[in-house]
Each structure stands twice: as structure tokens, then as C-alpha cells.
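Trainee: One structure, as C-alpha cells, below. Some questions next.
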There are 2 protein chains.
Amino acid sequence: MRVRLEDVARAAGVSPKTVSRVLNDEPNVSDVTRQRVLAAMERMDYRPHPSARSLAGSRSFLIAMLYDNNDNPASTYLAEIQDGVLEACDDHRYSMMVRPLRMRGDDFIRRLDALISDHHPDGVVLTPPITDYEPLLRQLRERKVPHASVSPVRRGDTIGVTMDEQKAARAMVELLLSLGHRRIAHVVGIADHGSSQWRLAGYREAMAAAGLPEDPALVVQGAFTFGSGVEAARQLFALDQRPTAVFAANDDMATGVMWAAGEYGLKVPHDLSVCGFDDTPLARQLWPALTTVQQPSREMGRLAALQLLEFLRGRGHGQLVQVPFSLKVRESTAVAP
Amino acid sequence: MRVRLEDVARAAGVSPKTVSRVLNDEPNVSDVTRQRVLAAMERMDYRPHPSARSLAGSRSFLIAMLYDNNDNPASTYLAEIQDGVLEACDDHRYSMMVRPLRMRGDDFIRRLDALISDHHPDGVVLTPPITDYEPLLRQLRERKVPHASVSPVRRGDTIGVTMDEQKAARAMVELLLSLGHRRIAHVVGIADHGSSQWRLAGYREAMAAAGLPEDPALVVQGAFTFGSGVEAARQLFALDQRPTAVFAANDDMATGVMWAAGEYGLKVPHDLSVCGFDDTPLARQLWPALTTVQQPSREMGRLAALQLLEFLRGRGHGQLVQVPFSLKVRESTAVAP
DNA sequence: GCGCAAATTGACAGCGCTGTCAATTGTGTC
DNA sequence: GACACAATTGACAGCGCTGTCAATTTGCGC
């Protein structure tokens with residue numbers, strides 16, 4: 001049958017409680033005893049019963065990942081974060097549970113409470129766009145549920161992971177500049193989205209640093225969708241002085257720009273360089289493959305969960321760590337014509 | 001504090017065991033008693049403690065969803081299935097746990113065993129492409145873990161959900177025929193993939209039924225990727241007699257075909273109709289939006305889990321149900337030129 | 001109204017672990 | 001070596017529920 005803690009205790013010649021202490025990394029166990037117990041556990045391939053642990057103790061060894069996909073189709077972004085969170089949980093012998101949580105309507109508090117009282121997660125990972133929703137944060141604080149966020153807008157005492165999107169955007173534009181481009185356009189994302197603002201700021205920073213005055217005609221509004229990319233590109237191509245490069249605030253819009261370029265008979269990258277942001281799977285599959293900024297979503301999920309787990313363990317107090325971005329230079333960018 | 005089963009029992013004036021019986025839908029409880037207990041539960045907002053239930057009883061109220069993404073980036077397909085499985089589990093007050101399980105290497109059995117002995121899932125949902133991997137199925141049978149599959153190739157005593165892809169493909173081609181198209185090309189998917197075969201068979205069936213002899217030049221091999229769609233389309237456009245419509249075996253390839261059409265100066269749908277299969281989020285975002293076959297992945301996940309749950313409950317014996325497909329007719333198809 | 005089987009209900013132990021607190025052992029001091 | 005004190009270990013109850021089996025009630029035929 002199943003190997004129980006009691007069996008390990010007998011094998012190691014100690015009391016069950018001592019095995020429990022070793023299992024939970026508690027202090028006040030002499031080194032020799034600890035080693036002896038660990039050896040017995042190893043030898044017997046002991047696996048603690050999660051239910052028994054959470055029933056008897058105050059911890060559930062459960063992390064819940066909350067998201068709000070807003071009825072949109074499932075996104076790869078969230079799936080990748082989930083993958084990372086899962087990895088971190090696995091490494092620490094925690095379980096993970098995913099929970100969609102629509103924020104619209106006000107019964108979300110009831111549903112959050114149900115989640116908490118049903119499963120007693122030891123902590124919660126929050127993903128965009130619900131990293132900064134105040135009622136949610138308030139409720140979590142009230143219920144004293146520790147939480148970590150992926151890409152929160154709000155900084156401060158938040159635990160989680162961010163990426164310096166502004167710096168990444170700037171680097172992307174600097175790449176275009178280094179290829180000799182001067183008329184570089186930017187397709188902006190949804191206006192009140194933190195990401196849009198940071199990416200636009202990065203674009204401006206790079207242009208200004210290169211001593212290029214901002215040409216308002218080269219900054220067009222988009223909406224993070226393929227269609228909005230097409231529209232934006234059409235506006236740009238209709239200009240007397242067409243840009244030689246377009247930096248779109250995400251890959252979907254960049255794809256739209258490439259599409260529109262085809263429509264106008266512009267060869268990418270020969271006549272026009274195009275680049276995006278996010279490194280969605282699509283970016284790699286496109287033809288020519290899209291130069292873009294890779295946001296390490298999976299790694300960010302992993303780190304957010306890790307921060308949370310460290311915090312739960314009492315080690316460290318939980319921080320907001322920053323991950324490096326990386327430019328994926330592919331075939332959609334080339335020297336200016 | 002927490003409302004316990006004992007509290008409900010006291011409030012309803014019965015023994016704890018009787019409340020337990022009502023909670024678990026067991027027989028041998030008189031109707032009046034059952035109603036009284038249910039009312040008390042409702043009134044007190046009783047929520048059973050999952051850990052206590054699984055520790056004391058033989059069930060864990062846990063369903064594990066297994067997948068093998070093969071190190072590929074997270075796919076929306078799996079994310080949608082997961083969404084559906086989650087919904088079904090929620091409705092039945094089951095928890096869900098997701099588990100990536102790489103099949104390469106042979107330690108997957110060890111990892112599967114670890115999953116089973118760690119968490120004792122009551123059942124498992126299998127997703128493509130690991131619905132038909134014999135060693136996995138054997139191990140599940142051996143450990144007596146009930147399982148349901150989404151889109152298994154193998155039929156028989158399998159529990160799960162399928163869609164009639166051949167019929168769907170046929171319907172798609174019949175749509176093109178009804179629009180007056182006669183030279184209809186098909187871009188085939190990866191050869192040994194069940195889906196490729198069914199979709200090709202559907203294409204052939206429709207063409208034959210319309211009395212059109214098969215033109216080998218119109219059936220070109222692809223590989224389910226955007227790039228392979230581009231290549232296939234170039235071959236087709238180079239023909240003396242270009243097709244007026246292309247049915248690609250999935251949306252990614254259809255997108256490639258549309259791209260190549262742009263390259264050749266062909267307007268979709270005016271000069272060329274294009275359609276795909278899967279209804280990925282991309283299909284809707286494309287411009288013009290892609291006519292395609294919708295595979296209700298979310299619903300399939302939900303139904304697979306539902307079948308499994310019914311089976312676990314002892315009701316029904318678990319079946320292989322078939323979901324209806326639906327044609328999403330959008331802007332990429334029009335009457336033949 | 002009685003006897004009997006079937007239906008309903010309940011008492012109680014125990015699932016595998018941890019929290020509390022008491023018992024034991026080790027350490028340093030004079 | 002005796003003492004105070006800290007470090008280590010263990011005994012035991014109990015987390016919230018269900019399985020087993022015994023007790024009680026109900027229904028039914030005569």
C-alpha cells in the first residue's frame with residue numbers, strides 16, 4: 001500500500017512528528033536525525049498525502065492562478081504564463097489550480113470568496129489585465145491571501161515580475177536606426193493600456209536620442225488587432241513620404257502592416273522593414289518571419305510564482321523582479337532602401 | 001468559522017453521516033430528510049472541505065487534464081479545451097489540475113505514476129496528440145484510472161468526444177461548389193495525421209459527388225504551417241489553369257494561401273476564394289476574415305469531461321459522443337469569377 | 001396487531017498528517 | 001558534579017469527513 005509518514009518514522013527510528021518536521025523543513029531537528037529521516041524517505045519513495053497535510057495543517061500547498069479572459073478566445077499569452085507558474089509549483093511540490101474570474105459584474109467577490117473558502121489556496125498569481133483591479137486586491141488583502149502579479153502596472157509593495165517595455169521598445173527602434181532607417185513609423189496600441197504607453201514612450205525616446213524631430217504623421221493609432229494594423233499601414237503608405245520602417249506595438253498589428261504592404265506591392269523587408277512586439281507564435285510562422293521583442297511570458301509566470309513561493313516560505317519578503325527582454329531579429333527587417 | 005458537516009447535521013436534527021449521504025447523493029435517505037438537510041446546507045452556505053473528503057473517502061474530486069505540447073509554444077487549441085474541461089468540473093464541484101506530460105523518453109510512466117499517487121485523480125482527460133498512445137493508455141488501465149479523450153483517432157470502447165471532420169470537409173467543399181467553383185484545390189496537412197486524412201477524404205467525396213474527376217495537380221501537400229501554405233499556393237498559382245478556390249486543411253495554411261494570393265496580385269475573394277479548417281482566433285482577425293470550419297474545442301473539452309464525470313458517478317457507462325461542426329462563412333469566399 | 005424483511009438512520013473509528021505541549025537530552029557555568 | 005537553560009524529541013488529540021456495521025424505524029402480509 002501507500003507509504004505513510006508513520007512508516008518512514010518507524011524505519012528511521014524516530015517519532016512521526018519528527019518526520020513531519022523534516023518534511024516541512026522546520027528548525028529544531030539535529031542534523032544527524034534529519035539526514036537519517038531524509039534517507040528513509042528517499043529509500044521508501046515516500047510521498048506525503050496532500051489532503052492529509054492540508055486537513056491537519058494550516059497550509060494547502062495550493063497556488064491559484066487567476067485570470068480574466070473577458071470571454072475572449074483563449075490566449076497563448078495566458079497559456080504560457082500558466083506553463084511557467086506550473087513549472088515553479090511543481091519544483092516546490094505545490095499544486096496549481098487555474099481560475100477564470102470575470103471581473104464584470106460585482107459577484108466576482110462572491111466567487112473569489114467561494115474559491116478561497118473551498119480550496120484555501122496558500123497564494124494567488126494574478127495575470128493581466130487583473131493585476132491592478134483595486135476591489136480584487138482589496139479583497140485579497142482582507143482575506144490575507146498572499147499574491148504575486150505578472151506585469152502589474154502599479155508598482156510599490158507589489159510582489160511579482162515586470163519587464164522594462166519602454167527600454168525594449170527603445171532598443172527595437174534603435175535597431176531600425178542602426179539599419180539606416182530615418183522615417184520610422186509607430187503604430188500605437190489601445191490608448192489606456194499601460195503597454196501602449198510604455199512602447200510609445202520607448203519609440204519617442206529613441207527617435208529623440210537620434211536627434212530626429214517627431215513627425216505626427218508617422219505615429220498612428222491602432223487597437224492591437226490585425227485589422228487595425230492594416231488600416232494604420234494604409235494611412236502610412238498614403239503619405240507623400242512613406243516610412244521605410246514600421247514599428248507596431250504588437251505582433252498582430254505588425255502582421256496587419258505586412259499584409260497591407262503586400263497589397264501595396266511593397267516587398268518586406270526590401271522596400272519596408274516591419275517589426276512588432278510580443279513574439280507570439282505567429283511571428284515565427286509568418287513569412288518573412290517577424291522581427292519582434294520577446295516577452296518571456298513563460299519565464300515571467302515562473303518567476304512570479306517563485307516570488308510568491310519564497311514569500312510563503314518566509315524566506316525573502318517577496319519582491320518585484322524585472323526580467324530582461326530580448327530582441328528577436330528575424331527576416332522582416334533589413335537596411336533602409 | 002467554517003461551517004462543518006457536523007454543524008449542518010445539528011441544524012437539520014440528523015446525524016453527520018446522514019448529511020454525508022445527502023451530500024454524496026447516496027440512496028437510502030428518505031425524501032423528507034433529504035429536503036431538510038438540503039435546506040440546512042443552503043441556509044448555512046455549507047461548503048464541504050475537499051481535503052477532508054478525499055482523505056476520508058475513496059474519491060479525490062479531482063480531474064487531471066493531460067497534454068503533451070511537445071515543447072511547442074502554448075497553443076490556443078489546448079487552452080480552449082482546458083477552458084471547457086474546467087467548466088464541466090466546476091459544474092460538478094470537481095477540481096481540475098493540468099499536467100504537461102512529455103511522451104518522449106520513457107520516464108513518462110514514472111511521472112504519470114507520481115501524478116497518480118500524489119494526487120489520486122478520480123479521472124483523466126486526454127488531449128491530442130496523446131489520445132492514442134498505447135503505453136499511456138495501458139498504464140491508465142493498469143492503474144484503473146478512468147479516462148476520456150478529445151478527438152481520439154481510435155474508436156471502440158473509448159470514452160470521449162469526436163467531430164465528424166470528413167463530413168465537415170465535404171460540407172466546406174460543397175459550399176464552394178454551390179458558389180459555382182469547379183477548379184477547387186486542396187492543401188493537405190501532415191500526412192500521417194488523422195485529421196489530414198479525414199479532411200482530404202471529405203474533399204474527394206464532395207468532388208466525386210459533384211461528378212468532377214480528381215485533378216492531381218489540385219491536391220498539394222502542406223504541413224499545417226503558414227509557410228507550407230505559401231509554398232502550396234505558389235505551386236497552384238503557377239498552374240496553367242489556376243484554381244478559383246482553395247480549401248486548406250487548416251487555418252494557418254489558408255492564411256499562407258491568402259498571403260501568397262496578395263503576392264500574386266490576386267484579390268480574395270474576388271479572384272480567389274480561400275477557406276480553412278479549425279476557426280482559430282486568427283481566422284476572425286484576418287482581413288478578409290476567413291471562411292472556415294469551426295471545431296468547438298471548448299465544447300469538446302467540456303463534453304469529454306462531462307462524459308468522464310457521468311462515468312465516475314456510475315450513471316451511464318461513458319460514451320464517445322459526436323459534436324456537430326459548423327461552417328463559419330466569412331468574407332474570404334465568394335461566387336466563382 | 002404481530003412478525004419479518006427492507007429501508008432508514010446513527011455510532012464510531014480512522015483516513016494521514018500537524019499543532020500543542022510535555023518529556024527528554026544536550027550544553028555551558030560555577 | 002550539580003544546576004539552569006536551551007535544544008531536541010515525542011505523545012496525543014484532532015483537522016472534517018466517510019466506511020463499516022449495528023440500531024432503529026417503516027412497510028407489508030396475514
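By convention here, the chains of the C-alpha cells are called A, B, ... in the order presented, each chain's residues are numbered starting at 1, and ligands are numbered starting at 1 in the order presented.
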Quick one: which residues from chain B are at most 7 Å off chain D, using only C-alpha atoms (C1' of nucleotides), as JSON, numbers by chain?
Mentor: {"B": [4, 49, 52, 53, 56, 57]}
Trainee: Taking only C-alpha atoms (C1' of nucleotides) into account, what are the residues of chain B at most 9 Å from chain C, put as a PDB file with C-alpha atoms, in the first residue's frame?
Mentor:
```pdb
ATOM      1  CA  VAL B  14     -29.847  14.407  11.980  1.00  0.00           C
ATOM      2  CA  SER B  15     -26.558  12.596  12.343  1.00  0.00           C
ATOM      3  CA  PRO B  16     -23.439  13.716  10.478  1.00  0.00           C
ATOM      4  CA  LYS B  17     -23.488  10.530   8.479  1.00  0.00           C
ATOM      5  CA  THR B  18     -26.893  11.340   7.097  1.00  0.00           C
ATOM      6  CA  ASN B  28     -31.336   5.228   1.461  1.00  0.00           C
ATOM      7  CA  VAL B  29     -32.272   8.650   2.656  1.00  0.00           C
ATOM      8  CA  SER B  30     -35.960   9.453   2.920  1.00  0.00           C
ATOM      9  CA  ALA B  52     -11.318  16.088   4.336  1.00  0.00           C
ATOM     10  CA  SER B  54     -10.619  12.915  -0.162  1.00  0.00           C
ATOM     11  CA  LEU B  55      -8.756  11.906   2.964  1.00  0.00           C
ATOM     12  CA  ALA B  56     -11.666  10.069   4.497  1.00  0.00           C
ATOM     13  CA  GLY B  57     -13.249   8.725   1.353  1.00  0.00           C
TER      14      GLY B  57
END
```
Trainee: Go ahead and compute the interatomic distance for atom CA of B:Arg302 and atom CA of B:Val173, in Å to one decimal.
Mentor: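 Atom CA of B:Val173 lies 28.8 Å from atom CA of B:Arg302.
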Trainee: Near chain A, which residues of chain B fall within 7 Å when you count only C-alpha atoms, and what do they look like as a PDB file with C-alpha atoms, in the first residue's frame?
Mentor:
```pdb
ATOM      1  CA  ARG B  47     -19.110  24.030   1.651  1.00  0.00           C
ATOM      2  CA  HIS B  49     -13.834  20.586   2.728  1.00  0.00           C
ATOM      3  CA  SER B  51      -9.238  17.643   1.606  1.00  0.00           C
ATOM      4  CA  ALA B  52     -11.318  16.088   4.336  1.00  0.00           C
ATOM      5  CA  SER B  54     -10.619  12.915  -0.162  1.00  0.00           C
ATOM      6  CA  LEU B  55      -8.756  11.906   2.964  1.00  0.00           C
ATOM      7  CA  PRO B  73       4.621  27.160 -27.707  1.00  0.00           C
ATOM      8  CA  ALA B  74       1.393  27.033 -25.784  1.00  0.00           C
ATOM      9  CA  SER B  75      -1.492  26.522 -28.178  1.00  0.00           C
ATOM     10  CA  THR B  76      -4.886  28.159 -28.078  1.00  0.00           C
ATOM     11  CA  ALA B  79      -6.204  26.358 -23.814  1.00  0.00           C
ATOM     12  CA  GLU B  80      -9.744  26.207 -25.160  1.00  0.00           C
ATOM     13  CA  MET B  96      -9.184  20.341 -12.222  1.00  0.00           C
ATOM     14  CA  MET B  97      -5.470  20.021 -12.483  1.00  0.00           C
ATOM     15  CA  ASP B 118       0.473  12.144  -5.370  1.00  0.00           C
ATOM     16  CA  PHE B 226       1.746  29.153 -42.607  1.00  0.00           C
ATOM     17  CA  GLY B 227       4.902  28.719 -44.677  1.00  0.00           C
ATOM     18  CA  GLY B 262      -1.580  39.003 -52.287  1.00  0.00           C
ATOM     19  CA  GLU B 263       1.882  38.378 -53.639  1.00  0.00           C
ATOM     20  CA  PRO B 281      -8.731  33.172 -33.393  1.00  0.00           C
ATOM     21  CA  GLN B 285      -8.835  38.653 -37.253  1.00  0.00           C
ATOM     22  CA  LEU B 286      -7.673  38.156 -40.801  1.00  0.00           C
ATOM     23  CA  TRP B 287      -8.665  40.518 -43.471  1.00  0.00           C
TER      24      TRP B 287
END
```
Trainee: Could you give me, as a ChimeraX atom specification, the residues within 12 Å of stretch 239-246 of chain A, counting only C-alpha atoms (C1' of nucleotides) and dropping anything in the same chain fewer than 5 positions from it?
Mentor: /A:172-188,203,215-220,229-230,232-234,251,253-258,260-261,264,266-277,290-292,332-337
Trainee: Would you please give, as a VMD selection string, all residues of stretch 72-110 of chain B that DSSP assigns to alpha helix (DSSP H) based on the backbone?
Mentor: chain B and resid 76 to 91 108 to 110
Trainee: Keeping only C-alpha atoms, write the selected residues to a file as a short mmCIF file (atom, residue, chain, number, x, y, z; two decimals), in the first residue's frame.
Mentor:
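Ended up saving to selection.cif:
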```cif
data_model
loop_
_atom_site.label_atom_id
_atom_site.label_comp_id
_atom_site.auth_asym_id
_atom_site.auth_seq_id
_atom_site.Cartn_x
_atom_site.Cartn_y
_atom_site.Cartn_z
CA THR B 76 -4.89 28.16 -28.08
CA TYR B 77 -6.38 24.83 -29.00
CA LEU B 78 -5.36 23.23 -25.75
CA ALA B 79 -6.20 26.36 -23.81
CA GLU B 80 -9.74 26.21 -25.16
CA ILE B 81 -10.15 22.56 -24.34
CA GLN B 82 -8.88 23.33 -20.86
CA ASP B 83 -11.47 26.05 -20.52
CA GLY B 84 -14.20 23.57 -21.35
CA VAL B 85 -12.91 20.89 -19.04
CA LEU B 86 -12.73 23.45 -16.29
CA GLU B 87 -16.31 24.49 -16.84
CA ALA B 88 -17.57 20.93 -16.61
CA CYS B 89 -15.54 20.29 -13.47
CA ASP B 90 -16.84 23.46 -11.86
CA ASP B 91 -20.41 22.50 -12.55
CA PHE B 108 6.77 9.38 -18.62
CA ILE B 109 5.38 6.31 -16.89
CA ARG B 110 7.23 7.22 -13.75
#
```
Trainee: Going by DSSP on the backbone, which bits of stretch 107-313 of chain A are strand (DSSP E)? Write them as a count of residues only, please.
Mentor: 30
